[in-house]
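Encoded as structure tokens, the structure appears first; notes follow it.
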Amino acid sequence: MIKLEHVARTFKVGGELVHGLDDVSLDIKAGDYISIMGPSGSGKSTLLNAIGLLDKLDEGRYLLDGSDVTELSELEQARVRREKIGFVFQTFHLIPRLTAAENVALPLTLAGVDHDEREQRVNEALESLSLSNRGHHRPDQLSGGQRQRVAIARAVVTKPVVLLADEPTGNLDHASGIEVINILEDLNQRGITLLLVTHDIELGERAHRIIHMMDGKVLS
Amino acid sequence: MHINDAIQFAFHALQGYRSRTYLMLLAMAIGVASVVLLTSLGEGARLYVTQQFSSLGTNLLIVLPGRSETTGGMPPVMGETPRDLTLQDVQALQRSRYVKQLAPIVVGAAPVSYQQLEREVMIMGSTASLFSVRQLILSRGQFLPEQEITRAAPVCVLGYTLNKELFGSLSSLGKWVRVSEYRCRVIGVLEEEGVSLGMDMGEVLIMPAASAQALFNINSVFRVLVETRSQDEMEKARQDVIEIISARHDGEDDITVLSQDALLSTFDRILTALTYSLGGIAAISLLVAGIMIMNVMLVAAAQRTAEIGLLKALGAPRKQIIILFLTESACLSLLGAMLGLIFGLVGNWVLQGYFPDFPFQAPDWALWAAVGVALSTGIIFGLLPARHAANLDPVLALSGR
């Protein structure tokens, strides 16, 4: 489903060229559960951003569902992100002035989904994450674990094919972290391809496949 | 994204930064209110002058001694000295078939006293015709009697204020008042009328033109108000007046004849231009408010970098980010404009309370223009911050950089 062929991404840091991704080739099947591990600066997040079409590639090809998305226009890449990819971030990235329900509805609002359908899908998403009674709360009225569950609800409300989670447990206590991973694994069991970036070896080893990275290269 | 969702998103954002939003609304409101108030002032001046001219009567020609001309050229070295208009000239004008009636006006200031009370007022010398030409109203008594124009009679009509100051609650009819070294019997009192074209009709004493000439020791008249028989005959009457006076002044064309319409349209043009100018000056404050909106939206884009990154991650293309930011600045300027309209109209109402004779009334075009300029300023100045936000790199933006 996701195929990277010799992709490279280089950054200029303090006048020096740094390889964020260096000749990376990957083949990820639909429904895979992959954790990406490695030390800081090894290229884990860069890989996730490239797969999420948030970052441009300098070299190589990226095929998503068989289509080359490398050379798509900005507008088309935005559409692919909107329709096929869900993001879960370490810092949740919830908009503080919106309620939990409004945060979850945001991708549907941007996609122009009608109010009634939006409300129905938001309620389903909140219910599936046991947040039905929290929809009207603002992020600052929720615990860390609840905020991340709201962020997961927002990521899945558009029914994406791949979920990209960048250190989703990084800002949570152990119990909340386990709870969030259980939710992500449950989503994976329902068919979503899951790519998880983590430093936590215990959590990382729960994946079906582990990708180790170092200096922008995939080691295994 | 639906437009109502974009508006709702904008309102959420504006509510999220309340103090900043209120300050921006205030800036825009002040700009719009100044446009409304200043154009009201200009339009009020125009309406006021129009009303004042209408109160002079209709089909009116105003004859002035002298003529506008440039002097000092070669030859003649000197311009002709215009002759005065006299009561004999006025008598000659009465013979024109286009003239319905006319009223000469002799003016000057003199002390008017009754017993120990004295007041310096404007003395107006005229004839019985002034009453209908100038559309005056009497509160009691009668106006100047119909008599030979050159006859000086010791009678006078008092303005409302003058009568009140000299006689209080006593009746003045039949009483003799002293005007400088002369005496005249009060035969009438004018109704309370207010100020008309700079002359306070309450503070005036009206006497026969010949009496006023004797009082001021002059032979000339200041103006002659000529009422023509119809509006269609105004031009013929004007020509006739010029020819009659010219014949009496040895062929010299030494008078100026103004028609009320010409004066009115000149004032109308000047005051309309004044209204536009005032509106233009006030619109500068709208531009300043627009620049403030740009500044605030740039700060908003900087403060909401992570949010913009998130919107991009959720699938919002550049165009959508621009629309969201423009909607925000448009909402801000439109709300500010509405608030400004309310401020301006309330301000008009308050001013109207203080100056009831002056018609404060913002022209319709000014209301539309103020809102239109406010909205377009908000959108134009919101474009730069919107583009800035849309061009942010999503990865850097998500990390808050």
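Simple scheme: letters A, B, ... for chains in structure tokens order, numbers from 1 for residues in each chain, numbers from 1 for ligands in the order shown.
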(request) Can you check which residues of chain A have any atom within 8 Å of chain B? Use only C-alpha atoms and format it as a PyMOL selection string. (result) chain A and resi 49+52+54-55+74-75+78-83+86-87+93+95+97-98+106-107+109-113
Write out, as a PDB file, in the first residue's frame, the residues just selected, with C-alpha atoms.
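Now in selection-v4.pdb:
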ATOM      1  CA  ASN A  49       6.208  13.436   7.625  1.00  0.00           C
ATOM      2  CA  GLY A  52       2.091  11.919   5.534  1.00  0.00           C
ATOM      3  CA  LEU A  54       3.778  17.036   4.975  1.00  0.00           C
ATOM      4  CA  ASP A  55       7.335  17.145   3.672  1.00  0.00           C
ATOM      5  CA  GLU A  74      -0.088  21.042  -3.347  1.00  0.00           C
ATOM      6  CA  LEU A  75      -3.881  20.908  -3.775  1.00  0.00           C
ATOM      7  CA  ALA A  78      -3.857  18.124   0.550  1.00  0.00           C
ATOM      8  CA  ARG A  79      -6.744  16.039  -0.793  1.00  0.00           C
ATOM      9  CA  VAL A  80      -4.780  12.793  -0.298  1.00  0.00           C
ATOM     10  CA  ARG A  81      -3.959  13.820   3.282  1.00  0.00           C
ATOM     11  CA  ARG A  82      -7.602  14.683   3.913  1.00  0.00           C
ATOM     12  CA  GLU A  83      -8.969  11.421   2.504  1.00  0.00           C
ATOM     13  CA  GLY A  86      -4.729  10.409   9.805  1.00  0.00           C
ATOM     14  CA  PHE A  87      -2.223  12.022  12.159  1.00  0.00           C
ATOM     15  CA  HIS A  93      -2.487  19.659  18.664  1.00  0.00           C
ATOM     16  CA  ILE A  95      -7.361  23.815  19.205  1.00  0.00           C
ATOM     17  CA  ARG A  97     -10.903  27.405  21.917  1.00  0.00           C
ATOM     18  CA  LEU A  98     -12.894  24.555  20.319  1.00  0.00           C
ATOM     19  CA  LEU A 106     -12.456  19.851  12.093  1.00  0.00           C
ATOM     20  CA  PRO A 107     -11.214  17.549   9.254  1.00  0.00           C
ATOM     21  CA  THR A 109     -15.503  20.747   8.299  1.00  0.00           C
ATOM     22  CA  LEU A 110     -12.451  21.413   6.143  1.00  0.00           C
ATOM     23  CA  ALA A 111     -13.621  18.706   3.724  1.00  0.00           C
ATOM     24  CA  GLY A 112     -17.015  20.442   3.404  1.00  0.00           C
ATOM     25  CA  VAL A 113     -19.050  17.554   4.881  1.00  0.00           C
TER      26      VAL A 113
END
(message) Could you go through stretch 27-124 of chain A and tell me which residues DSSP, when run on the backbone, assigns to strand (DSSP E), listing them as number ranges by chain?
(response) A: 27-28, 33-37, 59-64, 67-68, 85-88
(request) Run DSSP on the backbone of this structure and report the residues of stretch 357-400 of chain B it assigns to alpha helix (DSSP H), as a ChimeraX atom specification. (result) /B:364-390,394-398
(request) Find the distance between atom CA of B:Leu26 and atom CA of B:Leu332 and write it in Å to one decimal. (result)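 Computed distance, atom CA of B:Leu26 to atom CA of B:Leu332, equals 10.1 Å.
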(request) Write out as a list in words which residues come within 9 Å of B:Val186 when counting only C-alpha atoms, dropping same-chain ones fewer than 4 positions away. (result) Gly141, Pro154, Val155, Cys156, Val157, Leu158, Ser172, Leu173, Gly174, Lys175, Trp176 and Val177 of chain B
Export, as a PDB file, in the first residue's frame, the selected residues with all heavy atoms.
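Full text of out_32.pdb as output:
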ATOM      1  N   GLY B 141     -49.961  92.631  15.782  1.00  0.00           N
ATOM      2  CA  GLY B 141     -49.878  93.934  15.118  1.00  0.00           C
ATOM      3  C   GLY B 141     -49.921  93.788  13.609  1.00  0.00           C
ATOM      4  O   GLY B 141     -50.476  92.836  13.074  1.00  0.00           O
ATOM      5  N   PRO B 154     -42.673 107.225  10.591  1.00  0.00           N
ATOM      6  CA  PRO B 154     -42.082 106.873  11.893  1.00  0.00           C
ATOM      7  C   PRO B 154     -42.742 105.634  12.515  1.00  0.00           C
ATOM      8  O   PRO B 154     -43.307 105.711  13.597  1.00  0.00           O
ATOM      9  CB  PRO B 154     -42.313 108.132  12.720  1.00  0.00           C
ATOM     10  CG  PRO B 154     -43.572 108.699  12.180  1.00  0.00           C
ATOM     11  CD  PRO B 154     -43.623 108.358  10.729  1.00  0.00           C
ATOM     12  N   VAL B 155     -42.720 104.556  11.789  1.00  0.00           N
ATOM     13  CA  VAL B 155     -43.294 103.308  12.313  1.00  0.00           C
ATOM     14  C   VAL B 155     -42.218 102.210  12.208  1.00  0.00           C
ATOM     15  O   VAL B 155     -41.293 102.330  11.397  1.00  0.00           O
ATOM     16  CB  VAL B 155     -44.547 102.869  11.523  1.00  0.00           C
ATOM     17  CG1 VAL B 155     -45.708 103.809  11.780  1.00  0.00           C
ATOM     18  CG2 VAL B 155     -44.239 102.767  10.035  1.00  0.00           C
ATOM     19  N   CYS B 156     -42.391 101.188  13.025  1.00  0.00           N
ATOM     20  CA  CYS B 156     -41.422 100.081  12.956  1.00  0.00           C
ATOM     21  C   CYS B 156     -42.050  98.772  13.452  1.00  0.00           C
ATOM     22  O   CYS B 156     -43.060  98.783  14.164  1.00  0.00           O
ATOM     23  CB  CYS B 156     -40.162 100.396  13.753  1.00  0.00           C
ATOM     24  SG  CYS B 156     -40.470 100.797  15.464  1.00  0.00           S
ATOM     25  N   VAL B 157     -41.408  97.678  13.020  1.00  0.00           N
ATOM     26  CA  VAL B 157     -41.809  96.332  13.431  1.00  0.00           C
ATOM     27  C   VAL B 157     -40.621  95.728  14.171  1.00  0.00           C
ATOM     28  O   VAL B 157     -39.484  95.818  13.687  1.00  0.00           O
ATOM     29  CB  VAL B 157     -42.187  95.469  12.200  1.00  0.00           C
ATOM     30  CG1 VAL B 157     -42.501  94.039  12.614  1.00  0.00           C
ATOM     31  CG2 VAL B 157     -43.363  96.092  11.465  1.00  0.00           C
ATOM     32  N   LEU B 158     -40.875  95.139  15.336  1.00  0.00           N
ATOM     33  CA  LEU B 158     -39.771  94.597  16.139  1.00  0.00           C
ATOM     34  C   LEU B 158     -39.645  93.085  15.954  1.00  0.00           C
ATOM     35  O   LEU B 158     -40.658  92.388  15.806  1.00  0.00           O
ATOM     36  CB  LEU B 158     -40.010  94.885  17.627  1.00  0.00           C
ATOM     37  CG  LEU B 158     -40.196  96.344  18.058  1.00  0.00           C
ATOM     38  CD1 LEU B 158     -40.296  96.427  19.582  1.00  0.00           C
ATOM     39  CD2 LEU B 158     -39.033  97.201  17.582  1.00  0.00           C
ATOM     40  N   SER B 172     -46.120  96.017  23.316  1.00  0.00           N
ATOM     41  CA  SER B 172     -45.296  97.081  22.726  1.00  0.00           C
ATOM     42  C   SER B 172     -46.064  97.860  21.653  1.00  0.00           C
ATOM     43  O   SER B 172     -45.615  98.913  21.224  1.00  0.00           O
ATOM     44  CB  SER B 172     -44.052  96.462  22.100  1.00  0.00           C
ATOM     45  OG  SER B 172     -44.449  95.489  21.168  1.00  0.00           O
ATOM     46  N   LEU B 173     -47.199  97.338  21.222  1.00  0.00           N
ATOM     47  CA  LEU B 173     -47.929  97.962  20.113  1.00  0.00           C
ATOM     48  C   LEU B 173     -48.375  99.382  20.498  1.00  0.00           C
ATOM     49  O   LEU B 173     -48.936  99.603  21.584  1.00  0.00           O
ATOM     50  CB  LEU B 173     -49.154  97.137  19.719  1.00  0.00           C
ATOM     51  CG  LEU B 173     -48.849  95.742  19.147  1.00  0.00           C
ATOM     52  CD1 LEU B 173     -50.144  95.022  18.762  1.00  0.00           C
ATOM     53  CD2 LEU B 173     -47.923  95.830  17.938  1.00  0.00           C
ATOM     54  N   GLY B 174     -48.043 100.313  19.624  1.00  0.00           N
ATOM     55  CA  GLY B 174     -48.428 101.697  19.869  1.00  0.00           C
ATOM     56  C   GLY B 174     -47.399 102.479  20.677  1.00  0.00           C
ATOM     57  O   GLY B 174     -47.484 103.709  20.770  1.00  0.00           O
ATOM     58  N   LYS B 175     -46.408 101.771  21.243  1.00  0.00           N
ATOM     59  CA  LYS B 175     -45.385 102.452  22.040  1.00  0.00           C
ATOM     60  C   LYS B 175     -44.332 103.055  21.107  1.00  0.00           C
ATOM     61  O   LYS B 175     -44.098 102.573  20.006  1.00  0.00           O
ATOM     62  CB  LYS B 175     -44.721 101.450  22.988  1.00  0.00           C
ATOM     63  CG  LYS B 175     -45.667 100.725  23.927  1.00  0.00           C
ATOM     64  CD  LYS B 175     -45.900 101.522  25.171  1.00  0.00           C
ATOM     65  CE  LYS B 175     -46.828 100.933  26.197  1.00  0.00           C
ATOM     66  NZ  LYS B 175     -47.457  99.705  26.042  1.00  0.00           N
ATOM     67  N   TRP B 176     -43.695 104.084  21.575  1.00  0.00           N
ATOM     68  CA  TRP B 176     -42.633 104.726  20.799  1.00  0.00           C
ATOM     69  C   TRP B 176     -41.272 104.253  21.298  1.00  0.00           C
ATOM     70  O   TRP B 176     -41.021 104.253  22.484  1.00  0.00           O
ATOM     71  CB  TRP B 176     -42.718 106.257  20.926  1.00  0.00           C
ATOM     72  CG  TRP B 176     -43.888 106.809  20.179  1.00  0.00           C
ATOM     73  CD1 TRP B 176     -45.178 106.880  20.609  1.00  0.00           C
ATOM     74  CD2 TRP B 176     -43.871 107.345  18.862  1.00  0.00           C
ATOM     75  NE1 TRP B 176     -45.995 107.421  19.657  1.00  0.00           N
ATOM     76  CE2 TRP B 176     -45.204 107.732  18.553  1.00  0.00           C
ATOM     77  CE3 TRP B 176     -42.880 107.546  17.885  1.00  0.00           C
ATOM     78  CZ2 TRP B 176     -45.570 108.306  17.349  1.00  0.00           C
ATOM     79  CZ3 TRP B 176     -43.247 108.114  16.692  1.00  0.00           C
ATOM     80  CH2 TRP B 176     -44.573 108.485  16.425  1.00  0.00           C
ATOM     81  N   VAL B 177     -40.443 103.823  20.370  1.00  0.00           N
ATOM     82  CA  VAL B 177     -39.069 103.446  20.746  1.00  0.00           C
ATOM     83  C   VAL B 177     -38.108 104.428  20.088  1.00  0.00           C
ATOM     84  O   VAL B 177     -38.427 105.036  19.054  1.00  0.00           O
ATOM     85  CB  VAL B 177     -38.714 102.001  20.308  1.00  0.00           C
ATOM     86  CG1 VAL B 177     -39.499 100.985  21.084  1.00  0.00           C
ATOM     87  CG2 VAL B 177     -38.883 101.808  18.818  1.00  0.00           C
TER      88      VAL B 177
END
(request) Find the distance between atom CA of B:Val371 and atom CA of B:Glu43 and write it in Å to one decimal. (result) 18.1 Å
(request) Counting only C-alpha atoms, figure out which residue out of B:Phe11, B:Phe143, B:Phe216, B:Phe358 gets nearest to B:Phe325. (result) B:Phe11
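Atom CA of B:Asp232 to atom CA of B:Asn59 spans 8.9 Å [interatomic distance, one decimal].
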(message) For stretch 26-36 of chain A, find every residue with an atom within 9 Å (counting only C-alpha atoms), except residues of its own chain fewer than 2 positions away, and show them as a ChimeraX atom specification.
(response) /A:1-6,24,38,44-45,47-48,65,161-162,185,188-199,203-213,218
Dump of C-alpha atoms for the selected residues, as a PDB file, in the first residue's frame:
ATOM      1  CA  MET A   1       0.000   0.000   0.000  1.00  0.00           C
ATOM      2  CA  ILE A   2       2.874   2.354   0.836  1.00  0.00           C
ATOM      3  CA  LYS A   3       5.971   1.976  -1.252  1.00  0.00           C
ATOM      4  CA  LEU A   4       9.039   4.168  -0.894  1.00  0.00           C
ATOM      5  CA  GLU A   5      11.763   3.738  -3.520  1.00  0.00           C
ATOM      6  CA  HIS A   6      15.198   5.198  -2.742  1.00  0.00           C
ATOM      7  CA  VAL A  24      15.225   4.763   2.121  1.00  0.00           C
ATOM      8  CA  GLY A  38      15.777   4.944  16.687  1.00  0.00           C
ATOM      9  CA  LYS A  44      11.898   8.749  12.341  1.00  0.00           C
ATOM     10  CA  SER A  45       9.701  11.868  12.233  1.00  0.00           C
ATOM     11  CA  LEU A  47      10.003   9.474   7.500  1.00  0.00           C
ATOM     12  CA  LEU A  48       6.543   9.889   9.034  1.00  0.00           C
ATOM     13  CA  ASP A  65      -2.267   2.789  -3.080  1.00  0.00           C
ATOM     14  CA  VAL A 161      -6.389   4.063   5.382  1.00  0.00           C
ATOM     15  CA  VAL A 162      -3.217   4.854   7.264  1.00  0.00           C
ATOM     16  CA  GLU A 185      -3.916  -1.412  18.068  1.00  0.00           C
ATOM     17  CA  ASN A 188      -5.244  -1.485  13.371  1.00  0.00           C
ATOM     18  CA  GLN A 189      -7.145  -4.709  13.983  1.00  0.00           C
ATOM     19  CA  ARG A 190     -10.119  -3.084  12.274  1.00  0.00           C
ATOM     20  CA  GLY A 191      -7.990  -2.582   9.153  1.00  0.00           C
ATOM     21  CA  ILE A 192      -6.144   0.730   9.470  1.00  0.00           C
ATOM     22  CA  THR A 193      -2.460   0.601   8.634  1.00  0.00           C
ATOM     23  CA  LEU A 194      -0.598   1.901  11.696  1.00  0.00           C
ATOM     24  CA  LEU A 195       2.820   3.529  11.710  1.00  0.00           C
ATOM     25  CA  LEU A 196       4.010   4.359  15.195  1.00  0.00           C
ATOM     26  CA  VAL A 197       7.118   6.382  16.031  1.00  0.00           C
ATOM     27  CA  THR A 198       8.248   5.718  19.586  1.00  0.00           C
ATOM     28  CA  HIS A 199      11.261   5.735  21.877  1.00  0.00           C
ATOM     29  CA  LEU A 203       5.587  -0.290  23.251  1.00  0.00           C
ATOM     30  CA  GLY A 204       7.564  -0.516  20.028  1.00  0.00           C
ATOM     31  CA  GLU A 205       7.985  -4.273  20.349  1.00  0.00           C
ATOM     32  CA  ARG A 206       4.209  -4.739  20.354  1.00  0.00           C
ATOM     33  CA  ALA A 207       4.179  -3.893  16.609  1.00  0.00           C
ATOM     34  CA  HIS A 208       4.137  -6.588  13.926  1.00  0.00           C
ATOM     35  CA  ARG A 209       7.242  -5.124  12.442  1.00  0.00           C
ATOM     36  CA  ILE A 210       9.926  -2.760  13.768  1.00  0.00           C
ATOM     37  CA  ILE A 211      11.902  -0.393  11.553  1.00  0.00           C
ATOM     38  CA  HIS A 212      15.160   0.763  13.138  1.00  0.00           C
ATOM     39  CA  MET A 213      16.622   3.995  11.844  1.00  0.00           C
ATOM     40  CA  VAL A 218      16.654   2.204   7.598  1.00  0.00           C
TER      41      VAL A 218
END
(request) Pick out the residues sitting within 6 Å of stretch 118-130 of chain A, and hand them over as number ranges by chain; count only C-alpha atoms, and ignore anything fewer than 6 positions along from it in its own chain. (result) A: 105, 153, 157
Can those selected residues be exported to a file as a compact mmCIF listing (two decimals), in the first residue's frame so that it contains C-alpha atoms?
# COMPACT_ATOMS: atom_id res chain seq x y z
CA ALA A 105 -15.23 17.63 13.45
CA ALA A 153 -11.00 10.46 17.21
CA VAL A 157 -13.26 10.47 11.81
(message) Excluding stretch 255-269 of chain B and its own-chain neighbours fewer than 4 positions away, which residues fall within 6 Å of it when counting only C-alpha atoms? Please give them as a list in words.
(response)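 Here the answer would be Leu60, Leu61, Ile62, Val63, Leu64, Pro65, Gly66 and Arg67 of chain B.
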